[in-house]
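Undergrad: Input upload_30.csv, format and content: CSV, C-alpha atoms.
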chain,number,residue,atom,x,y,z
A,1,MET,CA,-26.1,0.2,110.5
A,2,ILE,CA,-25.2,-0.2,106.9
A,3,ASP,CA,-22.9,2.1,104.9
A,4,VAL,CA,-24.6,2.9,101.6
A,5,LEU,CA,-22.2,4.2,99.0
A,6,TYR,CA,-22.9,5.9,95.7
A,7,PHE,CA,-20.7,6.3,92.7
A,8,ALA,CA,-20.6,8.3,89.4
A,9,TRP,CA,-23.9,9.8,88.4
A,10,VAL,CA,-25.8,8.1,91.3
A,11,ARG,CA,-23.5,10.0,93.7
A,12,GLU,CA,-24.1,13.3,91.8
A,13,ARG,CA,-27.9,12.8,91.7
A,14,ILE,CA,-28.1,12.0,95.4
A,15,GLY,CA,-25.6,14.7,96.2
A,16,ALA,CA,-23.6,12.7,98.6
A,17,PRO,CA,-21.0,9.8,98.3
A,18,LYS,CA,-22.4,7.9,101.3
A,19,ASP,CA,-25.2,7.5,103.9
A,20,ARG,CA,-25.1,5.6,107.1
A,21,VAL,CA,-28.5,3.8,107.3
A,22,GLU,CA,-30.4,2.2,110.1
A,23,THR,CA,-32.5,-0.4,108.4
A,24,GLN,CA,-34.4,-3.6,108.8
A,25,ALA,CA,-34.4,-4.3,105.1
A,26,ALA,CA,-33.9,-8.0,104.4
A,27,THR,CA,-32.9,-7.5,100.7
A,28,VAL,CA,-31.3,-4.9,98.5
A,29,MET,CA,-34.7,-4.3,97.0
A,30,GLU,CA,-36.2,-3.5,100.3
A,31,LEU,CA,-33.3,-1.1,101.0
A,32,VAL,CA,-33.9,0.6,97.7
A,33,ASP,CA,-37.6,1.1,98.5
A,34,GLU,CA,-36.7,2.6,101.9
A,35,LEU,CA,-34.2,5.0,100.2
A,36,ARG,CA,-36.8,5.9,97.5
A,37,GLY,CA,-39.1,7.0,100.3
A,38,ARG,CA,-36.6,9.4,101.8
A,39,GLU,CA,-36.5,12.3,99.4
A,40,GLU,CA,-37.2,13.1,95.8
A,41,ARG,CA,-33.5,13.0,94.9
A,42,TYR,CA,-33.3,9.4,96.0
A,43,ALA,CA,-36.5,8.5,94.1
A,44,VAL,CA,-35.0,10.1,91.0
A,45,ALA,CA,-31.7,8.2,91.4
A,46,PHE,CA,-33.4,4.9,91.9
A,47,SER,CA,-36.1,5.4,89.2
A,48,ASP,CA,-34.6,3.0,86.7
A,49,LEU,CA,-33.0,0.0,88.3
A,50,ASP,CA,-32.0,-1.4,84.9
A,51,ALA,CA,-29.5,1.5,84.7
A,52,LEU,CA,-28.0,0.6,88.1
A,53,ARG,CA,-25.7,-2.1,89.5
A,54,VAL,CA,-25.3,-3.0,93.1
A,55,ALA,CA,-22.5,-4.5,95.2
A,56,VAL,CA,-23.0,-5.9,98.7
A,57,ASP,CA,-19.8,-6.0,100.8
A,58,GLN,CA,-17.8,-5.1,97.6
A,59,GLU,CA,-19.1,-8.1,95.6
A,60,LEU,CA,-21.4,-7.5,92.6
A,61,THR,CA,-24.8,-9.0,93.1
A,62,ASP,CA,-28.5,-8.4,92.1
A,63,PHE,CA,-31.3,-6.4,93.6
A,64,GLY,CA,-32.9,-9.6,95.1
A,65,ALA,CA,-29.8,-10.3,97.1
A,66,PRO,CA,-30.2,-10.7,100.9
A,67,LEU,CA,-28.6,-8.2,103.3
A,68,ASN,CA,-28.1,-10.4,106.3
A,69,GLY,CA,-25.2,-8.9,108.2
A,70,ALA,CA,-24.0,-6.8,105.2
A,71,ARG,CA,-21.9,-3.8,106.3
A,72,GLU,CA,-21.6,-2.0,103.0
A,73,VAL,CA,-24.0,-1.7,100.0
A,74,ALA,CA,-23.0,0.3,96.9
A,75,PHE,CA,-25.1,1.6,94.0
A,76,PHE,CA,-23.5,2.7,90.7
A,77,PRO,CA,-24.1,2.7,86.9
A,78,PRO,CA,-22.6,0.0,84.7
A,79,MET,CA,-18.9,0.1,84.9
A,80,THR,CA,-16.6,1.6,82.2
A,81,GLY,CA,-13.1,0.6,83.0
A,82,GLY,CA,-10.2,-0.2,80.7
B,1,MET,CA,0.3,-11.3,90.4
B,2,ASP,CA,0.8,-7.6,90.6
B,3,ILE,CA,-2.3,-5.4,90.8
B,4,ARG,CA,-2.0,-1.6,91.1
B,5,VAL,CA,-4.7,1.0,91.3
B,6,GLN,CA,-3.1,4.5,91.3
B,7,ALA,CA,-3.5,8.1,90.4
B,8,GLU,CA,0.1,8.5,89.3
B,9,ALA,CA,1.3,7.9,85.7
B,10,PHE,CA,3.3,4.8,85.0
B,11,GLU,CA,6.0,4.1,82.4
B,12,PHE,CA,4.6,1.5,80.1
B,13,GLY,CA,8.0,0.6,78.6
B,14,ALA,CA,9.7,0.2,82.0
B,15,GLU,CA,6.9,-1.8,83.4
B,16,ALA,CA,6.8,-4.1,80.4
B,17,GLU,CA,10.6,-4.6,80.6
B,18,ALA,CA,10.5,-5.3,84.3
B,19,PHE,CA,7.6,-7.7,84.0
B,20,ALA,CA,9.4,-9.6,81.2
B,21,ALA,CA,12.7,-9.7,83.2
B,22,ARG,CA,11.2,-11.4,86.2
B,23,GLN,CA,9.7,-14.3,84.3
B,24,ALA,CA,11.4,-17.7,84.2
B,25,GLY,CA,10.6,-20.3,81.6
B,26,MET,CA,8.1,-18.1,79.9
B,27,GLY,CA,8.4,-17.9,76.1
B,28,ALA,CA,5.7,-15.3,75.6
B,29,VAL,CA,4.9,-11.9,77.2
B,30,VAL,CA,1.8,-10.1,75.9
B,31,THR,CA,1.1,-6.5,76.9
B,32,PHE,CA,-1.8,-4.2,76.3
B,33,SER,CA,-2.4,-0.6,77.2
B,34,GLY,CA,-5.5,1.6,77.1
B,35,VAL,CA,-4.9,5.2,76.1
B,36,VAL,CA,-7.2,8.2,76.5
B,37,ARG,CA,-8.5,9.2,73.0
B,38,ASP,CA,-10.0,12.4,71.8
B,39,VAL,CA,-13.8,12.6,71.3
B,40,ALA,CA,-16.1,14.8,69.4
B,41,GLY,CA,-16.2,18.2,71.0
B,42,GLY,CA,-12.5,18.0,72.0
B,43,LEU,CA,-11.7,16.2,75.3
B,44,GLU,CA,-10.4,18.6,77.9
B,45,VAL,CA,-10.2,16.1,80.7
B,46,MET,CA,-11.3,12.5,81.5
B,47,GLU,CA,-12.0,11.9,85.2
B,48,ILE,CA,-11.9,8.3,86.3
B,49,GLU,CA,-13.7,7.5,89.5
B,50,HIS,CA,-13.4,4.1,91.2
B,51,TYR,CA,-14.5,2.2,94.3
B,52,PRO,CA,-11.5,1.9,96.6
B,53,GLY,CA,-11.3,-1.5,98.2
B,54,MET,CA,-13.7,-3.2,95.7
B,55,THR,CA,-11.6,-2.2,92.7
B,56,GLU,CA,-8.5,-4.1,94.0
B,57,LYS,CA,-10.7,-7.1,95.0
B,58,ALA,CA,-12.4,-7.2,91.6
B,59,LEU,CA,-9.2,-7.0,89.7
B,60,SER,CA,-7.6,-9.7,91.8
B,61,GLY,CA,-10.6,-11.9,91.3
B,62,ILE,CA,-10.4,-11.4,87.5
B,63,ALA,CA,-6.7,-12.2,87.5
B,64,GLU,CA,-7.2,-15.3,89.7
B,65,GLU,CA,-9.8,-16.6,87.3
B,66,ALA,CA,-7.4,-16.0,84.3
B,67,LEU,CA,-4.6,-17.9,86.2
B,68,SER,CA,-6.9,-20.8,86.7
B,69,ARG,CA,-8.0,-20.9,83.0
B,70,TRP,CA,-4.7,-20.7,81.2
B,71,ASP,CA,-1.1,-21.8,81.6
B,72,LEU,CA,0.3,-18.5,82.8
B,73,GLY,CA,3.4,-17.4,84.6
B,74,ASP,CA,2.2,-14.1,85.9
B,75,ILE,CA,-0.2,-11.2,85.5
B,76,LEU,CA,0.3,-7.5,85.9
B,77,ILE,CA,-2.5,-5.0,85.9
B,78,ILE,CA,-2.1,-1.2,86.4
B,79,HIS,CA,-5.1,1.0,86.3
B,80,ARG,CA,-5.1,4.8,87.0
B,81,HIS,CA,-7.8,6.9,88.4
B,82,GLY,CA,-8.3,10.7,88.7
B,83,PRO,CA,-7.9,13.3,85.9
B,84,LEU,CA,-6.4,12.2,82.6
B,85,HIS,CA,-5.8,13.8,79.3
B,86,VAL,CA,-5.7,12.9,75.6
B,87,ASN,CA,-2.9,10.3,75.0
B,88,ASP,CA,-2.4,9.6,78.7
B,89,MET,CA,-2.2,5.9,79.4
B,90,ILE,CA,-5.2,4.8,81.5
B,91,MET,CA,-4.1,1.2,82.2
B,92,MET,CA,-2.0,-1.7,81.1
B,93,VAL,CA,-2.1,-5.5,81.5
B,94,ALA,CA,0.8,-7.9,81.0
B,95,THR,CA,0.6,-11.7,80.9
B,96,SER,CA,3.3,-14.3,80.5
B,97,SER,CA,3.0,-17.9,79.5
B,98,PRO,CA,5.3,-20.6,78.0
B,99,HIS,CA,3.2,-20.2,74.8
B,100,ARG,CA,1.8,-17.2,73.1
B,101,GLY,CA,-1.8,-18.5,72.7
B,102,ASP,CA,-2.4,-18.6,76.4
B,103,ALA,CA,-0.8,-15.2,77.0
B,104,PHE,CA,-2.9,-13.5,74.2
B,105,ALA,CA,-6.1,-15.2,75.4
B,106,ALA,CA,-5.6,-14.3,79.0
B,107,ALA,CA,-4.8,-10.6,78.1
B,108,GLU,CA,-8.1,-10.4,76.1
B,109,TYR,CA,-10.0,-12.0,78.9
B,110,LEU,CA,-8.5,-9.6,81.5
B,111,MET,CA,-9.5,-6.6,79.3
B,112,ASP,CA,-13.0,-7.9,78.6
B,113,TYR,CA,-13.7,-8.4,82.3
B,114,LEU,CA,-11.9,-5.3,83.4
B,115,LYS,CA,-14.1,-3.1,81.2
B,116,SER,CA,-17.4,-4.4,82.6
B,117,ARG,CA,-16.7,-5.9,86.0
B,118,ALA,CA,-14.2,-3.7,87.7
B,119,PRO,CA,-15.7,-0.6,89.4
B,120,PHE,CA,-14.4,2.3,87.3
B,121,TRP,CA,-16.4,5.0,85.8
B,122,LYS,CA,-15.3,7.6,83.2
B,123,LYS,CA,-16.5,11.1,83.0
B,124,GLU,CA,-15.6,13.2,80.0
B,125,LYS,CA,-15.4,17.0,79.9
B,126,THR,CA,-15.4,18.5,76.4
B,127,ARG,CA,-16.0,22.0,75.2
B,128,ASP,CA,-19.6,21.0,74.7
B,129,GLY,CA,-20.1,19.9,78.3
B,130,THR,CA,-19.6,17.1,80.8
B,131,GLY,CA,-21.0,13.6,80.8
B,132,TRP,CA,-20.5,10.1,82.1
B,133,VAL,CA,-19.4,7.6,79.5
B,134,ALA,CA,-22.1,5.1,79.0
B,135,SER,CA,-21.3,1.4,79.0
B,136,LYS,CA,-21.6,-0.4,75.7
B,137,ASP,CA,-23.8,-3.4,75.0
B,138,GLU,CA,-21.0,-4.9,73.0
B,139,ASP,CA,-18.7,-4.8,76.1
B,140,GLU,CA,-21.2,-6.8,78.1
B,141,ALA,CA,-21.8,-9.1,75.2
B,142,ALA,CA,-18.0,-9.7,74.9
B,143,LEU,CA,-18.1,-11.5,78.2
B,144,GLY,CA,-20.3,-14.2,76.7
B,145,ARG,CA,-17.5,-15.7,74.7
B,146,TRP,CA,-15.7,-16.7,77.9
B,147,ASP,CA,-18.6,-18.7,79.2
B,148,GLU,CA,-17.5,-22.2,79.9
B,149,GLY,CA,-19.6,-25.3,78.9
What does the file become when written as structure tokens?
TA:
Amino acid sequence: MIDVLYFAWVRERIGAPKDRVETQAATVMELVDELRGREERYAVAFSDLDALRVAVDQELTDFGAPLNGAREVAFFPPMTGG
Amino acid sequence: MDIRVQAEAFEFGAEAEAFAARQAGMGAVVTFSGVVRDVAGGLEVMEIEHYPGMTEKALSGIAEEALSRWDLGDILIIHRHGPLHVNDMIMMVATSSPHRGDAFAAAEYLMDYLKSRAPFWKKEKTRDGTGWVASKDEDEAALGRWDEG
């Protein structure tokens, strides 16, 4: 099981801050494809990956990153701190 | 290094004084603070969301990198989350060094990385509506100047 977290407009578009997902996905991209297939709101949230960033176990990474043993994956828009 | 992510307000002056007072052999202390500014349409509230756990890690990682790049005594980062209003302080950084050049450079580095690599998101509510603040290409481009090699 992986915790999948959503922040900012990704959270709003999906309508939940978090899902617990049973997955065999080997990479972030495979997980994204599984989520897209769930429901329309996921397909909409993940329609433009250029507008999204991803962190695996709280480290920024890219969509090609492997998930082996990951416990937490988070999707969010580019950050606007400071 | 002192990293704080908090909903509560902080006292910039008191924090700057306390930071300066605990330095030894540091000839330079640089501080920066980010303040909520008004926007077209009149800002009613700015809501800052963050990623608890990752935020603290990301800020610590950025501070560690600054400590390894410059001759620094210490680093302080305070960043708020939750609802903020015009003129509220969002965040502050402080750096100390024996020399001002390193303290200035490190403070700029911290700000550049904190803007684009620490998981915070700003949402603005104005009289015209509500929207997430978009990241700026120039903020991402600003990171390029710190590339080594």
Undergrad: Give me, as JSON, numbers by chain, all polymer residues having an atom no more than 8 Å from stretch 82-97 of chain B, counting only C-alpha atoms and skipping those fewer than 2 positions away in the same chain.
TA: {"A": [82], "B": [7, 9, 10, 12, 16, 19, 20, 23, 26, 27, 28, 29, 30, 31, 32, 33, 34, 35, 36, 37, 38, 43, 44, 45, 46, 47, 48, 49, 71, 72, 73, 74, 75, 76, 77, 78, 79, 80, 99, 100, 102, 103, 104, 106, 107, 110, 111]}
Undergrad: Please report the interatomic distance between atom CA of A:Ala74 and atom CA of B:Arg69 in Å with one decimal.
TA: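 Computing the Euclidean distance for atom CA of A:Ala74 and atom CA of B:Arg69 yields 29.5 Å.
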Undergrad: Distance cut-off 8 Å, counting only C-alpha atoms - which residues of chain B neighbour chain A? Return them as a list in words.
TA: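 So the residues of chain B near chain A are Gly34, Glu49, His50, Tyr51, Gly53, Met54, Lys57, Ala58, His79, Ile90, Met91, Met111, Leu114, Lys115, Ser116, Arg117, Ala118, Pro119, Phe120, Trp121, Lys122, Trp132, Val133, Ala134 and Ser135 of chain B.
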Undergrad: Save the residues we just selected, C-alpha atoms, as a PDB file, keeping the file's coordinate frame?
TA:
ATOM      1  CA  GLY B  34      -5.500   1.600  77.100  1.00  0.00           C
ATOM      2  CA  GLU B  49     -13.700   7.500  89.500  1.00  0.00           C
ATOM      3  CA  HIS B  50     -13.400   4.100  91.200  1.00  0.00           C
ATOM      4  CA  TYR B  51     -14.500   2.200  94.300  1.00  0.00           C
ATOM      5  CA  GLY B  53     -11.300  -1.500  98.200  1.00  0.00           C
ATOM      6  CA  MET B  54     -13.700  -3.200  95.700  1.00  0.00           C
ATOM      7  CA  LYS B  57     -10.700  -7.100  95.000  1.00  0.00           C
ATOM      8  CA  ALA B  58     -12.400  -7.200  91.600  1.00  0.00           C
ATOM      9  CA  HIS B  79      -5.100   1.000  86.300  1.00  0.00           C
ATOM     10  CA  ILE B  90      -5.200   4.800  81.500  1.00  0.00           C
ATOM     11  CA  MET B  91      -4.100   1.200  82.200  1.00  0.00           C
ATOM     12  CA  MET B 111      -9.500  -6.600  79.300  1.00  0.00           C
ATOM     13  CA  LEU B 114     -11.900  -5.300  83.400  1.00  0.00           C
ATOM     14  CA  LYS B 115     -14.100  -3.100  81.200  1.00  0.00           C
ATOM     15  CA  SER B 116     -17.400  -4.400  82.600  1.00  0.00           C
ATOM     16  CA  ARG B 117     -16.700  -5.900  86.000  1.00  0.00           C
ATOM     17  CA  ALA B 118     -14.200  -3.700  87.700  1.00  0.00           C
ATOM     18  CA  PRO B 119     -15.700  -0.600  89.400  1.00  0.00           C
ATOM     19  CA  PHE B 120     -14.400   2.300  87.300  1.00  0.00           C
ATOM     20  CA  TRP B 121     -16.400   5.000  85.800  1.00  0.00           C
ATOM     21  CA  LYS B 122     -15.300   7.600  83.200  1.00  0.00           C
ATOM     22  CA  TRP B 132     -20.500  10.100  82.100  1.00  0.00           C
ATOM     23  CA  VAL B 133     -19.400   7.600  79.500  1.00  0.00           C
ATOM     24  CA  ALA B 134     -22.100   5.100  79.000  1.00  0.00           C
ATOM     25  CA  SER B 135     -21.300   1.400  79.000  1.00  0.00           C
TER      26      SER B 135
END
Undergrad: Point out the residue among A:Gly64, A:Gly37, A:Gly15, A:Gly69 with the least atom-to-atom distance to A:Asp3, counting all atoms listed in the file.
TA: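 Closest to A:Asp3, using all atoms listed in the file: A:Gly69.
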Undergrad: Near A:Val28, counting only C-alpha atoms, which residues have an atom at most 9 Å away, once you skip same-chain residues fewer than 6 positions from it, shown as a PyMOL selection string?
TA: chain A and resi 54+56+62-67+73
Undergrad: Expressed in Å to a single decimal, how great is the separation between atom CA of A:Asp50 and atom CA of B:Lys123?
TA: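 So the answer is 20.0 Å.
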Undergrad: Atom CA of A:Asp19 and atom CA of A:Tyr42 are how many Å apart?
TA: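 Computing the Euclidean distance for atom CA of A:Asp19 and atom CA of A:Tyr42 yields 11.5 Å.
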Undergrad: Return the single residue from B:Glu140, B:Asp128, B:Met1, B:Asp147 that is closest to B:Ser60, with distances computed using all atoms listed in the file.
TA: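 Of all the options, B:Met1 lies closest to B:Ser60.
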Undergrad: Let me make sure I understand: among B:Ile3, B:Thr55, B:Pro98, B:Glu11, which one has the smallest atom-to-atom distance to B:Ala24 if we use all atoms listed in the file?
TA: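 Checking each candidate against B:Ala24, we get B:Pro98 as the closest.
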Undergrad: Go through B:Leu143, B:Leu67, B:Ala40, B:Ile62 one by one, measure the shortest atom-to-atom distance of each to B:Gly129 using all atoms listed in the file, and give the residue with the smallest value.
TA: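 Answer, going by the shortest atom-to-atom distance: B:Ala40.
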